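Structure below is my_file-v8.cif: mmCIF, C-alpha atoms.
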data_start
loop_
_atom_site.label_atom_id
_atom_site.label_comp_id
_atom_site.auth_asym_id
_atom_site.auth_seq_id
_atom_site.Cartn_x
_atom_site.Cartn_y
_atom_site.Cartn_z
CA MET A 1 -191.32 -112.27 92.67
CA ILE A 2 -188.31 -110.71 90.94
CA ALA A 3 -187.95 -108.04 93.64
CA ILE A 4 -188.26 -110.61 96.45
CA PHE A 5 -185.72 -112.98 94.89
CA ASP A 6 -183.37 -110.07 94.25
CA LYS A 7 -183.64 -108.92 97.85
CA ARG A 8 -183.30 -112.39 99.35
CA CYS A 9 -181.52 -114.87 97.11
CA SER A 10 -177.73 -114.83 97.46
CA LEU A 11 -177.46 -117.02 94.35
CA ILE A 12 -178.39 -114.08 92.13
CA ASN A 13 -177.44 -111.13 94.32
CA LYS A 14 -174.24 -111.02 96.36
CA ASN A 15 -176.08 -108.96 98.97
CA GLY A 16 -179.01 -111.39 99.13
CA ILE A 17 -179.75 -112.37 102.72
CA CYS A 18 -180.71 -116.02 102.21
CA HIS A 19 -178.00 -118.69 101.89
CA GLN A 20 -180.15 -121.61 102.91
CA CYS A 21 -179.51 -123.71 99.82
CA SER A 22 -175.75 -123.59 100.48
CA GLU A 23 -176.24 -124.26 104.19
CA LEU A 24 -178.48 -127.24 103.54
CA ASN A 25 -176.12 -128.58 100.91
CA GLY A 26 -173.36 -128.44 103.54
CA ILE A 27 -175.52 -130.45 105.95
CA PHE A 28 -176.87 -133.08 103.56
CA ASN A 29 -173.96 -133.32 101.11
CA PRO A 30 -170.89 -132.59 103.22
CA LYS A 31 -168.59 -134.20 100.66
CA HIS A 32 -169.85 -132.03 97.78
CA GLU A 33 -168.22 -128.70 97.14
CA THR A 34 -171.14 -126.30 97.28
CA GLN A 35 -169.62 -123.81 94.85
CA LYS A 36 -169.09 -126.56 92.27
CA GLU A 37 -172.68 -127.76 92.74
CA LEU A 38 -174.01 -124.22 92.38
CA MET A 39 -172.17 -123.63 89.13
CA LYS A 40 -174.06 -126.55 87.56
CA ILE A 41 -177.21 -124.42 87.76
CA GLU A 42 -177.80 -122.13 84.78
CA MET A 43 -179.35 -119.37 86.87
CA VAL A 44 -176.29 -119.23 89.12
CA LYS A 45 -173.83 -119.53 86.25
CA HIS A 46 -175.34 -116.44 84.64
CA ALA A 47 -176.09 -114.49 87.82
CA GLN A 48 -173.57 -111.75 86.99
CA THR A 49 -174.32 -111.38 83.30
CA LYS A 50 -178.08 -111.75 82.83
CA SER A 51 -180.83 -109.29 83.74
CA LYS A 52 -183.15 -109.91 86.69
CA GLU A 53 -185.91 -110.81 84.24
CA GLU A 54 -183.72 -113.33 82.44
CA LEU A 55 -182.66 -114.84 85.78
CA PHE A 56 -186.32 -115.17 86.70
CA ASP A 57 -186.93 -117.00 83.42
CA LEU A 58 -184.07 -119.39 84.24
CA ARG A 59 -185.61 -119.96 87.67
CA VAL A 60 -188.95 -120.77 86.01
CA THR A 61 -187.26 -123.17 83.60
CA LEU A 62 -185.74 -124.97 86.58
CA ALA A 63 -189.08 -125.13 88.43
CA LYS A 64 -190.83 -126.37 85.29
CA ALA A 65 -188.42 -129.29 84.99
CA ILE A 66 -189.16 -130.59 88.50
CA ASP A 67 -192.13 -132.76 89.40
CA PRO A 68 -192.37 -132.16 93.16
CA PHE A 69 -193.93 -135.60 93.68
CA ASN A 70 -191.50 -137.52 91.57
CA SER A 71 -188.00 -136.17 91.94
CA ILE A 72 -184.80 -137.50 93.44
CA GLY A 73 -185.38 -135.53 96.65
CA CYS A 74 -189.15 -135.20 96.69
CA ASP A 75 -189.68 -136.64 100.18
CA LEU A 76 -187.18 -134.23 101.71
CA GLN A 77 -188.60 -131.24 99.82
CA LEU A 78 -192.20 -132.14 100.69
CA TYR A 79 -191.23 -132.41 104.35
CA HIS A 80 -189.55 -129.00 104.11
CA LEU A 81 -192.64 -127.54 102.45
CA ARG A 82 -194.88 -128.93 105.18
CA HIS A 83 -192.58 -127.38 107.78
CA ALA A 84 -192.71 -124.00 105.99
CA LYS A 85 -196.51 -124.21 105.88
CA ASN A 86 -196.68 -125.11 109.58
CA THR A 87 -194.39 -122.17 110.35
CA MET A 88 -196.60 -119.74 108.44
CA GLU A 89 -199.74 -121.09 110.11
CA ALA A 90 -198.14 -120.70 113.55
CA LEU A 91 -197.16 -117.13 112.68
CA PHE A 92 -200.72 -116.23 111.65
CA ARG A 93 -202.20 -117.96 114.72
CA ASN A 94 -199.98 -115.95 117.04
CA LYS A 95 -200.65 -112.58 115.41
CA MET B 96 -219.35 -145.51 80.86
CA THR B 97 -220.08 -143.00 78.08
CA ALA B 98 -217.46 -142.14 75.48
CA LEU B 99 -217.09 -138.64 76.94
CA GLN B 100 -216.65 -140.01 80.47
CA ASP B 101 -214.04 -142.38 79.13
CA THR B 102 -212.24 -139.48 77.43
CA LEU B 103 -212.41 -137.44 80.64
CA THR B 104 -210.94 -140.27 82.69
CA LYS B 105 -208.09 -140.68 80.21
CA GLU B 106 -207.44 -136.93 80.07
CA PHE B 107 -207.48 -136.72 83.86
CA GLU B 108 -204.87 -139.47 84.09
CA THR B 109 -202.73 -137.70 81.49
CA CYS B 110 -202.98 -134.34 83.28
CA LYS B 111 -202.71 -135.79 86.78
CA PRO B 112 -198.98 -135.08 87.41
CA GLN B 113 -199.38 -131.46 86.26
CA LEU B 114 -202.66 -130.96 88.11
CA LYS B 115 -201.15 -132.43 91.25
CA SER B 116 -198.04 -130.24 91.19
CA PHE B 117 -200.20 -127.19 90.32
CA ILE B 118 -202.39 -127.78 93.39
CA LEU B 119 -199.35 -128.48 95.58
CA ARG B 120 -197.70 -125.22 94.54
CA LEU B 121 -200.92 -123.44 95.61
CA THR B 122 -201.70 -125.29 98.85
CA ALA B 123 -198.19 -126.33 99.96
CA SER B 124 -199.78 -129.45 101.44
CA VAL B 125 -199.69 -133.03 100.20
CA GLU B 126 -202.89 -133.94 102.07
CA ASP B 127 -204.82 -130.93 100.73
CA THR B 128 -203.44 -131.61 97.25
CA ASN B 129 -204.72 -135.18 97.28
CA ASP B 130 -208.14 -134.04 98.54
CA LEU B 131 -208.48 -131.27 95.96
CA LEU B 132 -207.26 -133.54 93.17
CA GLN B 133 -209.91 -136.10 94.05
CA ASP B 134 -212.55 -133.33 94.29
CA THR B 135 -211.48 -132.10 90.84
CA PHE B 136 -212.20 -135.49 89.30
CA ILE B 137 -215.51 -135.88 91.14
CA LYS B 138 -216.67 -132.38 90.15
CA ALA B 139 -215.57 -132.91 86.55
CA THR B 140 -217.51 -136.18 86.39
CA GLU B 141 -220.63 -134.73 88.02
CA ASN B 142 -220.62 -131.70 85.70
CA LEU B 143 -219.49 -133.43 82.55
CA TYR B 144 -222.91 -132.79 80.95
CA THR B 145 -222.14 -129.03 81.10
CA PHE B 146 -218.86 -129.41 79.18
CA GLN B 147 -219.39 -127.74 75.83
CA ASN B 148 -216.13 -128.33 73.97
CA LYS B 149 -215.48 -124.56 73.97
CA SER B 150 -212.20 -125.30 75.71
CA SER B 151 -210.05 -128.40 75.89
CA LEU B 152 -210.74 -130.95 78.62
CA LYS B 153 -207.32 -130.06 80.05
CA THR B 154 -208.27 -126.38 80.40
CA TRP B 155 -211.61 -127.42 81.90
CA LEU B 156 -209.89 -129.64 84.47
CA PHE B 157 -207.50 -126.84 85.41
CA THR B 158 -210.50 -124.48 85.72
CA ILE B 159 -212.14 -126.83 88.20
CA ALA B 160 -208.88 -127.40 90.13
CA GLY B 161 -208.16 -123.65 90.15
CA ASN B 162 -211.64 -122.82 91.47
CA LEU B 163 -211.41 -125.46 94.18
CA ALA B 164 -207.98 -124.17 95.22
CA LYS B 165 -209.25 -120.57 95.20
CA ASN B 166 -212.15 -121.47 97.48
CA PHE B 167 -209.84 -123.44 99.72
CA LEU B 168 -207.33 -120.58 100.00
CA ARG B 169 -209.87 -117.74 100.22
CA SER B 170 -209.66 -117.40 103.99
CA LYS B 171 -205.91 -118.05 104.18
CA LYS B 172 -203.30 -115.30 104.38
CA CYS B 173 -200.45 -114.80 101.92
CA TRP B 174 -197.12 -116.06 103.20
CA THR B 175 -194.44 -113.60 104.23
CA ASP B 176 -191.30 -113.33 102.10
CA ASN B 177 -189.07 -114.30 105.05
CA VAL B 178 -190.74 -117.71 105.33
CA SER B 179 -187.36 -119.52 104.98
CA ASP B 180 -185.86 -117.50 107.85
CA LEU B 181 -188.84 -118.23 110.07
CA ALA B 182 -188.84 -121.91 109.13
CA LYS B 183 -185.12 -122.10 109.91
CA ASP B 184 -185.68 -120.44 113.30
CA ALA B 185 -188.51 -122.89 114.01
CA THR B 186 -186.24 -125.80 113.05
CA LEU B 187 -183.48 -124.62 115.38
CA ALA B 188 -186.00 -124.12 118.18
CA SER B 189 -187.39 -127.62 117.87
CA GLN B 190 -185.08 -130.62 117.80
CA GLY B 191 -187.87 -132.81 116.43
CA VAL B 192 -188.09 -130.96 113.13
CA PHE B 193 -184.39 -131.24 112.38
CA GLU B 194 -184.43 -134.90 113.37
CA GLY B 195 -187.30 -135.34 110.94
CA PHE B 196 -185.17 -133.91 108.12
CA ILE B 197 -182.28 -136.21 108.99
CA GLU B 198 -184.49 -139.28 109.33
CA ILE B 199 -186.16 -138.75 105.97
CA HIS B 200 -182.82 -138.04 104.32
CA SER B 201 -181.30 -141.24 105.69
CA THR B 202 -184.26 -143.60 105.21
CA SER B 203 -186.12 -142.54 102.07
CA PRO B 204 -184.81 -143.44 98.61
CA HIS B 205 -186.27 -140.13 97.38
CA ALA B 206 -184.69 -137.71 99.83
CA ALA B 207 -181.40 -136.65 98.31
CA PHE B 208 -180.71 -132.96 98.73
CA GLU B 209 -180.29 -131.16 95.43
CA ILE B 210 -179.82 -127.40 95.27
CA ARG B 211 -182.02 -127.15 92.18
CA GLU B 212 -184.87 -128.79 94.09
CA HIS B 213 -184.39 -126.31 96.91
CA ILE B 214 -184.63 -123.47 94.36
CA ASN B 215 -187.91 -125.01 93.22
CA PHE B 216 -189.05 -125.11 96.87
CA CYS B 217 -188.20 -121.39 97.16
CA PHE B 218 -190.20 -120.70 93.99
CA THR B 219 -193.27 -122.25 95.64
CA CYS B 220 -192.73 -120.38 98.92
CA ILE B 221 -192.29 -116.98 97.25
CA GLY B 222 -195.24 -117.73 94.96
CA LYS B 223 -197.32 -118.08 98.09
CA THR B 224 -196.60 -114.45 99.03
CA LEU B 225 -198.89 -113.48 96.12
CA PRO B 226 -202.69 -113.14 96.16
CA VAL B 227 -204.23 -116.39 94.94
CA ASP B 228 -205.35 -115.09 91.52
CA GLN B 229 -201.81 -113.90 90.81
CA GLN B 230 -200.39 -117.24 92.00
CA ILE B 231 -202.71 -119.14 89.68
CA ALA B 232 -202.07 -116.84 86.71
CA ILE B 233 -198.29 -116.92 87.02
CA LEU B 234 -198.14 -120.69 87.53
CA LEU B 235 -200.42 -121.41 84.58
CA LYS B 236 -198.51 -119.05 82.30
CA GLU B 237 -194.92 -119.71 83.31
CA VAL B 238 -194.84 -123.26 84.65
CA TYR B 239 -197.71 -125.01 82.85
CA GLU B 240 -197.45 -122.97 79.63
CA PHE B 241 -201.12 -122.08 79.18
CA LYS B 242 -201.94 -119.29 76.74
CA VAL B 243 -203.26 -116.01 78.11
CA ASP B 244 -206.76 -116.58 76.67
CA GLU B 245 -206.87 -120.04 78.28
CA ILE B 246 -205.85 -118.56 81.63
CA ALA B 247 -208.56 -115.91 81.21
CA GLU B 248 -211.05 -118.73 80.77
CA ILE B 249 -209.73 -120.60 83.80
CA LEU B 250 -209.83 -117.47 85.98
CA GLN B 251 -213.06 -116.25 84.37
CA CYS B 252 -211.65 -112.82 83.60
CA THR B 253 -210.32 -110.92 80.60
CA SER B 254 -206.94 -111.43 78.94
CA GLY B 255 -206.06 -107.91 80.07
CA VAL B 256 -206.61 -108.85 83.70
CA VAL B 257 -204.44 -111.97 83.25
CA ASN B 258 -201.62 -109.91 81.75
CA THR B 259 -201.83 -107.40 84.61
CA CYS B 260 -201.89 -110.23 87.18
CA CYS B 261 -198.80 -111.86 85.67
CA LEU B 262 -196.91 -108.58 85.31
CA THR B 263 -197.66 -107.57 88.90
CA ALA B 264 -196.73 -111.02 90.21
CA VAL B 265 -193.44 -111.19 88.34
CA LYS B 266 -192.38 -107.68 89.33
CA LYS B 267 -193.28 -107.96 93.01
#
Output the structure of this file as structure tokens.
Amino acid sequence: MIAIFDKRCSLINKNGICHQCSELNGIFNPKHETQKELMKIEMVKHAQTKSKEELFDLRVTLAKAIDPFNSIGCDLQLYHLRHAKNTMEALFRNK
Amino acid sequence: MTALQDTLTKEFETCKPQLKSFILRLTASVEDTNDLLQDTFIKATENLYTFQNKSSLKTWLFTIAGNLAKNFLRSKKCWTDNVSDLAKDATLASQGVFEGFIEIHSTSPHAAFEIREHINFCFTCIGKTLPVDQQIAILLKEVYEFKVDEIAEILQCTSGVVNTCCLTAVKK
């Protein structure tokens, strides 16, 4: 997971190819400054100073603190997860 | 209701939020999660006479849930690590999906967008690129804080295998 996050996640690697969290924040919270929001997250705050392993631990800490059925944005996230699952199933069907 | 059944019911209710999120992180489906959660309780009740107190009831419940999820996922492929890109492309290609996002966001009281929740979503998606045993091992160890010997019991393997599973999963 560390290698995938390092390759993809622009929050921890400037060359990461995925910026979706920032893009979605721009769509759903247009009045929030994305950079300010990002800096509230420990993993992002320490992206330049901590090792990949430590950043993974911070990511786990964040995941551990969220109940996906009982969070402030659970309905939106569950919808997104269902869409991701549908996308994967369509990919496998068409292969 | 016997005392043990009563204890099981109470323990199930206590563990329910964790069991539910554990199954969701494996199946990525609310409907499948609810089905497997219900099956976990039914199977635990039916097989309660086999429970020997060698492990805690919590570990036993996670063993049943893990086995049910493993069977359920056996024929399913691991996700690809570009799942977010593909999902974004699919959203852009279909107006209905994006409208769905907007509708939920504007009508549900539980649909605020928070970056930290999106990071959690990514954790689930990337977890699903792993083989199911690795997914289960890493979730139990890192998210639900089970000890290695408890995970070995849940996965019915040795502690060495659990350590290898977790190491491989984390490094991938």
Using the chain letters and numbers from the file, which residues does the PyMOL selection byres ((chain B and resi 155) around 12) grab, as a ChimeraX atom specification? /B:103,106-107,110,114,135-136,138-140,142-143,145-154,156-162,245-251
Near chain A, which residues of chain B fall within 7 Å when you count only C-alpha atoms, and what do they look like as a list of chain:residue names?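 Going by the stated atoms only, the list reads B:Ser116, B:Ala123, B:Ser124, B:Trp174, B:Asp176, B:Val178, B:Leu181, B:Ala182, B:Ala185, B:Phe196, B:Ile199, B:His200, B:His205, B:Ala206, B:Ala207, B:Phe208, B:Glu209, B:Ile210, B:His213, B:Asn215, B:Phe216, B:Ile221, B:Glu237, B:Val238, B:Ala264, B:Val265, B:Lys266, B:Lys267.
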Please produce an output containing C-alpha atoms for each residue in the selection, written as a compact mmCIF listing (two decimals), keeping the file's coordinate frame.
# COMPACT_ATOMS: atom_id res chain seq x y z
CA SER B 116 -198.04 -130.24 91.19
CA ALA B 123 -198.19 -126.33 99.96
CA SER B 124 -199.78 -129.45 101.44
CA TRP B 174 -197.12 -116.06 103.20
CA ASP B 176 -191.30 -113.33 102.10
CA VAL B 178 -190.74 -117.71 105.33
CA LEU B 181 -188.84 -118.23 110.07
CA ALA B 182 -188.84 -121.91 109.13
CA ALA B 185 -188.51 -122.89 114.01
CA PHE B 196 -185.17 -133.91 108.12
CA ILE B 199 -186.16 -138.75 105.97
CA HIS B 200 -182.82 -138.04 104.32
CA HIS B 205 -186.27 -140.13 97.38
CA ALA B 206 -184.69 -137.71 99.83
CA ALA B 207 -181.40 -136.65 98.31
CA PHE B 208 -180.71 -132.96 98.73
CA GLU B 209 -180.29 -131.16 95.43
CA ILE B 210 -179.82 -127.40 95.27
CA HIS B 213 -184.39 -126.31 96.91
CA ASN B 215 -187.91 -125.01 93.22
CA PHE B 216 -189.05 -125.11 96.87
CA ILE B 221 -192.29 -116.98 97.25
CA GLU B 237 -194.92 -119.71 83.31
CA VAL B 238 -194.84 -123.26 84.65
CA ALA B 264 -196.73 -111.02 90.21
CA VAL B 265 -193.44 -111.19 88.34
CA LYS B 266 -192.38 -107.68 89.33
CA LYS B 267 -193.28 -107.96 93.01
When you draw a straight line from CA of Glu54 (chain A) to CA of Asn15 (chain A), how long is it in Å?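 So the two atoms, CA of Glu54 (chain A) and CA of Asn15 (chain A), lie 18.7 Å apart.
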For CA of Ile118 (chain B) and CA of Asp130 (chain B), determine how far apart the two atoms are, in Å to one decimal place.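 These atoms are spaced 9.9 Å apart.
Distances from B:Gly222, B:Thr263, B:Tyr144, B:Asp134 to Thr97 (chain B) were compared using only C-alpha atoms, and the smallest one belongs to B:Tyr144.
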